[in-house]
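The file model.txt comes next; it holds compact mmCIF, C-alpha atoms and all ligand atoms.
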```txt
# COMPACT_ATOMS: atom_id res chain seq x y z
CA MET A 905 94.51 192.29 93.82
CA LEU A 906 94.36 189.71 91.05
CA THR A 907 97.93 190.02 89.82
CA PRO A 908 101.14 188.95 91.59
CA VAL A 909 102.71 191.45 93.94
CA GLY A 910 105.87 193.04 92.62
CA ARG A 911 107.07 195.10 89.77
CA GLY A 912 105.07 194.59 86.64
CA ALA A 913 103.64 196.51 83.75
CA LEU A 914 100.06 196.09 84.97
CA ALA A 915 98.15 195.34 88.15
CA VAL A 916 94.48 194.37 88.29
CA VAL A 917 92.20 195.11 91.26
CA GLY A 918 88.83 193.36 91.31
CA LEU A 919 85.70 194.67 93.02
CA ALA A 920 82.59 192.54 93.48
CA GLY A 921 79.31 193.02 95.31
CA PRO A 922 76.13 195.08 95.07
CA GLY A 923 76.88 198.63 93.95
CA ALA A 924 80.42 197.86 92.80
CA ALA A 925 80.10 200.12 89.73
CA SER A 926 78.69 203.00 91.82
CA MET A 927 81.52 202.60 94.32
CA VAL A 928 84.02 202.96 91.47
CA ASP A 929 82.25 206.13 90.26
CA ALA A 930 82.77 207.70 93.69
CA VAL A 931 86.56 207.80 93.13
CA PHE A 932 86.96 207.60 89.37
CA ASP A 933 86.53 210.26 86.68
CA PRO A 934 85.89 208.34 83.47
CA VAL A 935 86.05 209.74 79.97
CA GLY A 936 82.62 209.18 78.40
CA GLY A 937 80.18 208.55 81.23
CA ARG A 938 79.81 207.00 84.65
CA VAL A 939 80.64 203.32 85.02
CA ALA A 940 77.25 202.67 86.69
CA GLU A 941 75.49 203.94 83.55
CA ARG A 942 77.58 202.06 81.01
CA PRO A 943 76.61 198.66 79.60
CA ASP A 944 78.15 195.44 80.87
CA GLY A 945 81.45 194.79 79.13
CA ALA A 946 82.26 198.51 78.87
CA ILE A 947 85.93 199.48 79.04
CA CYS A 948 86.25 202.91 80.65
CA PHE A 949 89.43 204.97 80.59
CA GLY A 950 89.84 207.77 83.11
CA ARG A 951 91.57 209.07 86.21
CA TRP A 952 91.45 207.45 89.63
CA ARG A 953 91.35 210.38 92.03
CA GLY A 954 94.20 210.79 94.50
CA PRO A 955 94.12 212.62 97.82
CA GLY A 956 95.19 215.94 96.24
CA ALA A 957 93.99 217.84 93.19
CA GLU A 958 97.18 217.06 91.28
CA THR A 959 97.45 213.41 92.31
CA GLY A 960 95.81 210.37 90.85
CA GLU A 961 96.42 207.54 88.44
CA ASP A 962 95.32 206.95 84.86
CA VAL A 963 93.51 203.62 84.85
CA VAL A 964 91.20 201.46 82.79
CA VAL A 965 88.05 200.17 84.47
CA ALA A 966 86.33 197.11 83.01
CA ARG A 967 82.67 196.92 83.96
CA LEU A 968 81.91 193.20 83.91
CA ALA A 969 78.49 193.76 85.50
CA ALA A 970 76.87 196.31 87.81
CA ASN A 971 78.16 194.25 90.71
CA ARG A 972 81.58 193.32 89.30
CA CYS A 973 84.39 195.56 88.00
CA GLU A 974 88.12 195.36 87.43
CA VAL A 975 90.51 198.29 87.74
CA HIS A 976 93.63 197.96 85.59
CA CYS A 977 96.42 200.26 86.79
CA HIS A 978 100.19 200.49 86.75
CA GLY A 979 102.07 197.52 88.25
CA GLY A 980 104.20 197.64 91.36
CA ARG A 981 102.83 198.20 94.85
CA ALA A 982 101.97 201.87 95.19
CA ALA A 983 99.26 202.33 92.54
CA PRO A 984 97.18 199.22 93.35
CA GLN A 985 97.55 199.77 97.10
CA ALA A 986 96.27 203.38 96.72
CA ILE A 987 93.29 202.14 94.70
CA ILE A 988 92.54 199.34 97.17
CA GLY A 989 92.88 201.85 100.03
CA SER A 990 90.34 204.25 98.50
CA LEU A 991 87.83 201.39 98.03
CA VAL A 992 88.37 200.08 101.56
CA ASP A 993 87.80 203.65 102.83
CA ARG A 994 84.37 203.45 101.19
CA GLY A 995 83.49 200.17 102.86
CA ALA A 996 84.92 197.46 100.61
CA ALA A 997 86.24 194.38 102.41
CA LEU A 998 89.45 192.64 101.37
CA VAL A 999 89.24 189.01 100.28
CA SER A 1000 91.89 186.67 98.94
CA TRP A 1001 92.34 186.16 95.21
CA GLU A 1002 91.24 182.54 95.67
CA ALA A 1003 87.94 183.74 97.15
CA TRP A 1004 87.60 186.17 94.24
CA LEU A 1005 87.90 183.35 91.74
CA HIS A 1006 85.09 181.61 93.61
CA SER A 1007 82.86 184.66 93.86
CA GLY A 1008 81.20 184.38 90.47
CA GLY A 1009 77.98 183.16 92.05
CA HIS A 1010 78.35 179.45 91.21
CA GLY A 1011 79.54 176.61 93.40
CA VAL A 1012 83.04 175.20 93.65
CA THR A 1013 83.60 173.20 90.51
CA ALA A 1014 86.76 171.32 89.60
CA ALA A 1015 87.28 174.04 86.97
CA ASP A 1016 87.24 176.70 89.73
CA LEU A 1017 89.80 174.76 91.73
CA ALA A 1018 91.96 174.21 88.67
CA ARG A 1019 92.03 177.96 88.02
CA ILE A 1020 93.67 178.36 91.43
CA ALA A 1021 95.91 175.31 91.14
CA ILE A 1022 97.32 176.35 87.78
CA CYS A 1023 98.87 179.41 89.43
CA ARG A 1024 101.06 176.99 91.37
CA ALA A 1025 101.63 174.46 88.59
CA GLY A 1026 105.12 173.02 88.61
CA GLY A 1027 106.19 172.87 84.99
CA PRO A 1028 104.41 172.78 81.65
CA ARG A 1029 103.09 169.23 81.97
CA ALA A 1030 101.20 170.12 85.14
CA ALA A 1031 99.93 173.34 83.56
CA ARG A 1032 98.63 171.43 80.54
CA ILE A 1033 96.77 168.90 82.69
CA LEU A 1034 95.25 171.67 84.84
CA GLY A 1035 94.34 173.63 81.72
CA ARG A 1036 92.15 170.71 80.64
CA GLN A 1037 90.43 170.71 84.04
CA ILE A 1038 89.79 174.47 83.68
CA ALA A 1039 88.16 173.62 80.35
CA GLY A 1040 85.83 171.29 82.27
CA ALA A 1041 87.28 167.81 81.69
CA LEU A 1042 86.84 166.62 85.29
CA ASP A 1043 83.45 168.29 85.83
CA ARG A 1044 82.16 166.66 82.63
CA GLU A 1045 83.52 163.26 83.64
CA LEU A 1046 81.99 163.46 87.13
CA GLY A 1047 78.67 164.41 85.55
CA ARG A 1048 78.94 161.51 83.12
CA ILE A 1049 79.68 159.07 85.94
CA VAL A 1050 76.68 160.31 87.94
CA GLY A 1051 74.57 159.69 84.81
CA LEU A 1052 75.97 156.16 84.52
CA ARG A 1053 75.17 155.55 88.19
CA ALA A 1054 71.61 156.78 87.66
CA ALA A 1055 71.28 154.44 84.67
CA GLY A 1056 72.41 151.53 86.88
CA ASP A 1057 75.57 150.85 84.87
CA ASP A 1058 77.70 149.96 87.89
CA ARG A 1059 80.44 148.33 85.86
CA ALA A 1060 81.00 151.48 83.79
CA VAL A 1061 80.93 153.58 86.98
CA ALA A 1062 83.60 151.39 88.56
CA ALA A 1063 85.80 151.53 85.46
CA ALA A 1064 85.52 155.30 85.16
CA CYS A 1065 86.21 155.84 88.87
CA ASP A 1066 89.20 153.50 88.76
CA ARG A 1067 90.62 155.46 85.87
CA LEU A 1068 90.20 158.74 87.75
CA LEU A 1069 91.75 157.35 90.93
CA GLN A 1070 94.72 156.05 88.95
CA ALA A 1071 95.17 159.46 87.36
CA SER A 1072 94.96 161.14 90.77
CA ARG A 1073 98.36 159.73 91.75
CA VAL A 1074 99.90 162.25 89.36
CA GLY A 1075 97.06 164.75 89.77
CA LEU A 1076 97.85 165.23 93.45
CA ARG A 1077 101.43 166.16 92.54
CA LEU A 1078 100.72 168.88 90.00
CA THR A 1079 101.40 171.73 92.43
CA THR A 1080 104.16 170.13 94.50
CA PRO A 1081 107.37 168.84 92.92
CA TRP A 1082 108.46 165.22 92.95
CA ARG A 1083 111.33 164.90 95.46
CA VAL A 1084 114.50 162.98 94.67
CA ALA A 1085 117.24 162.43 97.27
CA VAL A 1086 120.82 162.08 96.05
CA VAL A 1087 122.70 159.90 98.53
CA GLY A 1088 125.93 157.94 98.74
CA PRO A 1089 129.39 157.90 100.28
CA VAL A 1090 131.41 161.06 100.84
CA ASN A 1091 133.13 162.37 97.73
CA ALA A 1092 131.15 160.08 95.39
CA GLY A 1093 130.21 163.03 93.18
CA LYS A 1094 126.67 163.63 94.45
CA SER A 1095 126.83 167.41 94.41
CA SER A 1096 128.51 167.39 91.00
CA LEU A 1097 125.68 165.19 89.72
CA VAL A 1098 123.03 167.56 91.08
CA ASN A 1099 124.80 170.48 89.43
CA ALA A 1100 125.03 168.60 86.14
CA LEU A 1101 121.28 167.83 86.20
CA ALA A 1102 120.44 171.41 87.18
CA GLY A 1103 122.80 172.95 84.63
CA HIS A 1104 124.33 175.34 87.14
CA ALA A 1105 126.62 175.23 90.19
CA ARG A 1106 123.92 174.98 92.87
CA SER A 1107 125.82 172.78 95.36
CA ILE A 1108 129.38 173.36 96.53
CA VAL A 1109 131.78 170.80 95.05
CA SER A 1110 135.22 170.05 96.46
CA ALA A 1111 137.75 167.26 96.71
CA VAL A 1112 137.45 167.35 100.50
CA PRO A 1113 135.25 164.45 101.68
CA GLY A 1114 132.33 165.69 103.75
CA THR A 1115 131.83 168.98 101.89
CA THR A 1116 128.04 168.90 101.84
CA ARG A 1117 126.73 169.10 105.41
CA ASP A 1118 123.05 169.96 105.09
CA LEU A 1119 120.22 169.13 102.72
CA VAL A 1120 120.47 171.32 99.62
CA ALA A 1121 117.27 171.46 97.58
CA THR A 1122 117.28 172.39 93.89
CA ARG A 1123 114.14 172.63 91.78
CA ILE A 1124 114.48 171.70 88.14
CA VAL A 1125 112.13 170.73 85.33
CA LEU A 1126 112.77 167.35 83.70
CA ASP A 1127 110.79 166.54 80.57
CA GLY A 1128 108.17 169.09 81.64
CA TRP A 1129 107.80 167.77 85.22
CA GLU A 1130 108.98 169.78 88.24
CA VAL A 1131 111.46 167.83 90.35
CA GLU A 1132 113.21 168.84 93.56
CA LEU A 1133 116.66 167.29 93.88
CA VAL A 1134 117.83 167.01 97.48
CA ASP A 1135 121.63 166.85 97.76
CA THR A 1136 122.76 165.27 101.02
CA ALA A 1137 125.80 164.90 103.25
CA GLY A 1138 128.01 162.02 102.17
CA LEU A 1139 127.57 158.84 104.18
CA ARG A 1140 130.49 157.53 106.21
CA PRO A 1141 130.67 155.80 109.55
CA VAL A 1142 129.34 158.34 112.02
CA GLU A 1143 132.35 157.85 114.30
CA ALA A 1144 134.49 159.30 111.46
CA ALA A 1145 132.30 162.39 111.35
CA ALA A 1146 131.76 165.00 114.00
CA GLY A 1147 129.56 167.96 114.76
CA ALA A 1148 127.75 169.42 111.79
CA GLU A 1149 128.75 166.58 109.49
CA ARG A 1150 127.32 163.99 111.85
CA ALA A 1151 124.07 165.95 112.03
CA GLY A 1152 124.10 166.18 108.24
CA ILE A 1153 124.44 162.40 107.92
CA GLY A 1154 121.44 162.05 110.22
CA ARG A 1155 119.42 164.31 107.91
CA ALA A 1156 120.66 162.45 104.84
CA LEU A 1157 119.36 159.19 106.30
CA ALA A 1158 116.09 160.66 107.48
CA VAL A 1159 115.17 162.42 104.23
CA GLN A 1160 115.24 159.14 102.34
CA ALA A 1161 111.98 158.12 103.95
CA GLU A 1162 110.30 161.32 102.75
CA VAL A 1163 111.19 161.39 99.06
CA ASP A 1164 109.67 159.81 95.97
CA LEU A 1165 112.92 158.43 94.59
CA ILE A 1166 116.52 157.89 95.70
CA LEU A 1167 119.59 158.25 93.51
CA ARG A 1168 122.23 156.06 95.15
CA VAL A 1169 125.57 157.36 93.91
CA THR A 1170 128.84 155.48 94.05
CA ALA A 1171 132.22 156.30 92.55
CA PRO A 1172 135.15 154.13 91.42
CA GLY A 1173 136.74 152.41 94.38
CA LYS A 1174 133.69 152.87 96.60
CA THR A 1175 132.00 149.59 97.24
CA ASP A 1176 128.73 149.39 99.08
CA ALA A 1177 130.68 148.48 102.21
CA ALA A 1178 132.83 151.57 101.74
CA ALA A 1179 129.65 153.59 101.62
CA GLY A 1180 129.54 153.11 105.35
CA ASP A 1181 125.84 152.61 105.69
CA SER A 1182 124.38 152.23 102.26
CA SER A 1183 121.89 149.74 103.61
CA ALA A 1184 120.48 152.66 105.53
CA CYS A 1185 119.38 154.15 102.22
CA GLY A 1186 116.00 152.69 103.02
CA GLY A 1187 114.91 152.40 99.42
CA SER A 1188 114.47 149.22 97.48
CA ALA A 1189 114.96 148.74 93.80
CA GLY A 1190 111.75 147.43 92.37
CA ALA A 1191 109.32 149.34 94.55
CA ALA A 1192 106.89 151.57 92.71
CA VAL A 1193 106.87 155.30 93.36
CA GLY A 1194 104.25 156.07 95.94
CA ALA A 1195 104.22 152.52 97.36
CA GLY A 1196 105.67 153.56 100.70
CA VAL A 1197 109.37 152.80 100.27
CA PRO A 1198 111.04 155.02 97.69
CA PRO A 1199 112.53 153.17 94.73
CA VAL A 1200 116.24 153.51 94.02
CA ILE A 1201 118.24 154.27 90.90
CA ASP A 1202 121.88 153.26 91.27
CA VAL A 1203 124.26 155.76 89.71
CA LEU A 1204 127.88 154.91 88.97
CA ALA A 1205 129.46 158.37 88.92
CA LYS A 1206 132.81 159.62 87.62
CA ALA A 1207 132.64 157.36 84.56
CA ASP A 1208 135.61 159.22 83.09
CA LEU A 1209 137.73 157.73 85.89
CA ARG A 1210 136.39 154.22 85.56
CA ALA A 1211 137.72 153.19 82.12
CA ASP A 1212 138.34 149.63 83.26
CA ARG A 1213 135.50 149.60 85.75
CA CYS A 1214 132.52 149.71 83.40
CA ALA A 1215 132.52 145.96 82.98
CA PRO A 1216 130.40 145.15 86.04
CA ALA A 1217 127.74 147.65 84.98
CA THR A 1218 127.78 146.30 81.47
CA ALA A 1219 127.47 142.79 82.75
CA ALA A 1220 124.60 143.77 85.00
CA GLY A 1221 122.74 145.96 82.59
CA GLY A 1222 123.91 144.98 79.14
CA ASP A 1223 123.71 147.94 76.79
CA LEU A 1224 125.08 151.00 78.53
CA THR A 1225 123.29 153.28 76.10
CA ALA A 1226 119.86 151.93 77.02
CA ALA A 1227 117.75 153.75 79.59
CA PRO A 1228 117.80 151.65 82.73
CA ALA A 1229 114.62 150.41 84.32
CA VAL A 1230 113.98 150.99 87.97
CA GLY A 1231 113.58 147.67 89.62
CA THR A 1232 116.44 145.98 87.84
CA GLN A 1233 120.00 145.99 89.02
CA THR A 1234 120.98 148.13 86.07
CA ALA A 1235 122.91 151.20 87.10
CA VAL A 1236 123.21 154.46 85.21
CA VAL A 1237 126.81 155.34 84.42
CA THR A 1238 127.47 159.08 84.54
CA SER A 1239 130.25 161.60 84.47
CA ALA A 1240 129.59 165.11 85.68
CA ALA A 1241 132.96 166.02 84.18
CA THR A 1242 132.11 165.01 80.60
CA GLY A 1243 128.28 165.02 80.72
CA GLN A 1244 128.15 161.31 79.91
CA GLY A 1245 124.92 159.66 80.99
CA ILE A 1246 123.30 162.83 82.40
CA ASP A 1247 120.47 162.86 79.83
CA ARG A 1248 119.97 159.14 80.37
CA LEU A 1249 119.78 159.67 84.11
CA ALA A 1250 117.22 162.47 83.62
CA ALA A 1251 115.12 160.12 81.49
CA ALA A 1252 115.42 157.37 84.11
CA ILE A 1253 114.29 159.77 86.85
CA VAL A 1254 111.19 160.80 84.89
CA ALA A 1255 110.42 157.19 83.97
CA ALA A 1256 110.59 156.22 87.64
CA LEU A 1257 108.57 159.16 88.93
CA VAL A 1258 105.90 159.35 86.24
CA PRO A 1259 105.77 156.03 84.39
CA GLU A 1260 102.27 157.02 83.25
CA THR A 1261 103.88 159.43 80.77
CA THR A 1262 104.84 156.52 78.54
CA ALA A 1263 102.98 153.53 80.02
CA ALA A 1264 99.52 155.14 80.00
CA PRO A 1265 99.69 158.51 78.23
CA ASP A 1266 95.89 158.68 77.82
CA LEU A 1267 95.44 158.53 81.59
CA LEU A 1268 96.63 162.13 81.95
CA SER A 1269 95.21 163.58 78.77
CA ASP A 1270 91.63 164.06 79.97
CA ALA A 1271 89.94 164.25 83.40
CA VAL A 1272 92.41 164.18 86.32
CA PRO A 1273 91.46 164.78 90.00
CA PHE A 1274 94.10 167.06 91.48
CA THR A 1275 93.08 167.85 95.10
CA PRO A 1276 92.32 165.50 98.02
CA ALA A 1277 88.74 166.82 98.08
CA LEU A 1278 88.25 165.94 94.42
CA VAL A 1279 89.68 162.47 95.01
CA ARG A 1280 87.21 162.06 97.88
CA ARG A 1281 84.41 163.12 95.55
CA VAL A 1282 85.41 160.37 93.11
CA GLU A 1283 85.61 157.86 95.96
CA GLN A 1284 82.10 158.86 97.05
CA VAL A 1285 80.73 158.31 93.55
CA SER A 1286 82.59 155.03 93.34
CA ALA A 1287 81.04 153.94 96.65
CA GLY A 1288 77.61 154.83 95.32
CA ARG A 1289 77.11 157.88 97.50
CA GLY A 1290 76.79 160.28 94.59
CA VAL A 1291 78.48 163.62 94.13
CA SER A 1292 78.12 166.06 96.96
CA PRO A 1293 76.64 169.31 95.72
CA PRO A 1294 79.17 172.07 95.19
CA GLU A 1295 79.82 174.11 98.30
CA ARG A 1296 78.03 177.44 98.20
CA ARG A 1297 79.56 180.42 99.82
CA PRO A 1298 77.43 183.11 101.37
CA SER A 1299 77.27 185.96 98.89
CA SER A 1300 79.33 188.71 100.44
CA ALA A 1301 78.19 192.26 100.59
CA ARG A 1302 80.54 194.61 98.89
CA GLY A 1303 83.89 193.01 98.50
CA GLY A 1304 87.14 194.64 97.48
CA GLU A 1305 89.81 192.17 96.56
CA SER A 1306 93.33 191.80 97.77
N1 LIG B 1401 136.85 163.18 87.20
C1 LIG B 1401 135.70 163.43 87.80
N2 LIG B 1401 135.67 164.02 89.00
C2 LIG B 1401 134.48 164.25 89.58
C3 LIG B 1401 133.26 163.91 88.95
N3 LIG B 1401 132.25 164.25 89.77
C4 LIG B 1401 132.82 164.81 90.85
N4 LIG B 1401 134.16 164.80 90.75
C5 LIG B 1401 135.11 165.31 91.72
O1 LIG B 1401 135.00 164.55 92.92
C6 LIG B 1401 135.15 165.41 94.05
C7 LIG B 1401 133.93 165.30 94.95
O2 LIG B 1401 132.83 165.79 94.21
P1 LIG B 1401 131.48 166.25 94.96
O3 LIG B 1401 130.46 166.44 93.90
O4 LIG B 1401 131.75 167.36 95.88
O5 LIG B 1401 131.17 164.93 95.79
P2 LIG B 1401 130.08 164.71 96.93
O6 LIG B 1401 129.63 163.32 96.83
O7 LIG B 1401 129.05 165.75 96.87
O8 LIG B 1401 130.98 164.89 98.22
P3 LIG B 1401 130.52 165.20 99.74
O9 LIG B 1401 129.59 166.36 99.72
O10 LIG B 1401 131.80 165.52 100.41
O11 LIG B 1401 129.90 163.96 100.25
C8 LIG B 1401 135.39 166.81 93.52
O12 LIG B 1401 136.79 167.05 93.46
C9 LIG B 1401 134.83 166.74 92.10
O13 LIG B 1401 135.46 167.66 91.21
C10 LIG B 1401 133.31 163.29 87.66
O14 LIG B 1401 132.31 162.95 87.03
N5 LIG B 1401 134.54 163.07 87.13
MG MG B 1402 128.42 167.15 98.23
```
I need this file expressed as structure tokens, please.
Ligand SMILES: Nc1nc2c(ncn2[C@@H]2O[C@H](COP(=O)(O)OP(=O)(O)OP(=O)(O)O)[C@@H](O)[C@H]2O)c(=O)[nH]1
Ligand SMILES: [Mg+2]
Amino acid sequence: MLTPVGRGALAVVGLAGPGAASMVDAVFDPVGGRVAERPDGAICFGRWRGPGAETGEDVVVARLAANRCEVHCHGGRAAPQAIIGSLVDRGAALVSWEAWLHSGGHGVTAADLARIAICRAGGPRAARILGRQIAGALDRELGRIVGLRAAGDDRAVAAACDRLLQASRVGLRLTTPWRVAVVGPVNAGKSSLVNALAGHARSIVSAVPGTTRDLVATRIVLDGWEVELVDTAGLRPVEAAAGAERAGIGRALAVQAEVDLILRVTAPGKTDAAAGDSSACGGSAGAAVGAGVPPVIDVLAKADLRADRCAPATAAGGDLTAAPAVGTQTAVVTSAATGQGIDRLAAAIVAALVPETTAAPDLLSDAVPFTPALVRRVEQVSAGRGVSPPERRPSSARGGES
């Protein structure tokens, strides 16, 4: 089945392999002639026969070729499953939709892989980049680099490969969200901050310190990029916490090593020392995303309560309206209560996670490797080992599609 499972207006079942059109004719009564006798590209309306005389389903069959058809039926589960069942009864084998996309008779190109990846794209920016790879950007660039190698232009090969490998940092994250941990002392306003960024009440907020006990993940899209915010249990000396809260603090500390960025939240009256173990945050301001240790953005929350406490931030960062740079001591001042600074924080998160968006916009506007195998292919070309030929799959016999 080529369409997502679930309720929908339409479902599409694909059938590929020798005799696909004839197999369809065995269970389908078309208006205007058998599918096997129609030209390629024919659209055939008719009735897919059910088990009884009165049963069946009105469908549209697209004959792509004698060995490749699509059956377009009603959405939901029952109609496509009945159609798939009748084809399997006649000998069709089920294959995954990914295998179907690869069954056109050619090898695995970057465009083929992008067609699969785009189904899992996180946000419009990722979809746009993968759309360009579907249109052939990466295949063309790999071909061009192989040509440069053949012409002996090693310097141009190195430059082109470097560009691709730089772009792959973002490319490898197009189908998995960037992860951002929100950490800090109990009651600092972490959950409120997550809710303000998400625009809905995802995490429980309360005045009781130690409310959040477990990791709470929330996926949002910031400036077109998919980001997973991970709310954590507030940090306080573990001897002050017991049971589930203590376990939660352990998870809050551990997750910081696994994320791309840390938001270190403090509230008025909470110094770093009061944070209990803020040094255990693990991150370091100034580190680049992806360099091993996650970088940190300091967030001074509850700005509405800190009327006379903005001075240190101003002194450290100067203009409070300016977007802060990761790597400086500048903190972002926010208030979940009034919305102050939330947009600025969102911009700072994107700038830290994907600095390429502004620093090197051209890097992502053309060929971008987006799977580890594609990155390896670039590395092979860069090392002078050429491009491995596309994998070829054995052509299956008759194949129904699931
Ligand atoms: N005035 C004001 N109060 C806030 C703000 N953000 C949070 N609070 C309040 O501070 C208290 C704690 O907020 P939470 O968001 O639950 O804090 P937390 O850091 O997640 O707390 P724990 O999960 O217990 O570690 C709640 O009473 C919130 O209503 C803010 O920007 N301004
Ligand atoms: Mg909380």
Practice item. Output the neighbourhood of ligand LIG 1401 (chain B) as a VMD selection string, that is, all protein and nucleic acid residues with some atom at most 7 Å from the ligand, counting all atoms listed in the file. Key: chain A and resid 1088 to 1097 1108 to 1117 1137 to 1139 1205 to 1209 1238 to 1242
**Study point:** For CA of Ala1287 in chain A and CA of Ala1071 in chain A, the interatomic separation in Å (one decimal)
**Key:** 17.8 Å
**Study point:** Contacts of Leu914 in chain A at 7 Å (all atoms listed in the file; same-chain gap of 5+ positions) as number ranges by chain
**Key:** A: 976-979
Take every atom of range 1269-1275 of chain A listed in the file, fit an axis-aligned box around them, add 8 Å per side, and give the centre and edge lengths in Å to one decimal as JSON.
```
{"center_x": 92.6, "center_y": 165.7, "center_z": 86.9, "size_x": 21.3, "size_y": 20.3, "size_z": 32.3}
```
Point to revise | Distance in Å - CA of Thr1262 in chain A versus CA of Ala1025 in chain A | key: 20.8 Å
Exercise for review: Give me the residues within 12 Å of range 988-998 of chain A as number ranges by chain, counting only C-alpha atoms and dropping any in the same chain fewer than 4 places off.
Suggested key: A: 905-906, 915-932, 952-955, 960, 974-977, 981-984, 1002-1004, 1300-1306
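Rounded to one decimal, CA of Leu1101 in chain A and CA of Val1142 in chain A lie 28.7 Å from each other.
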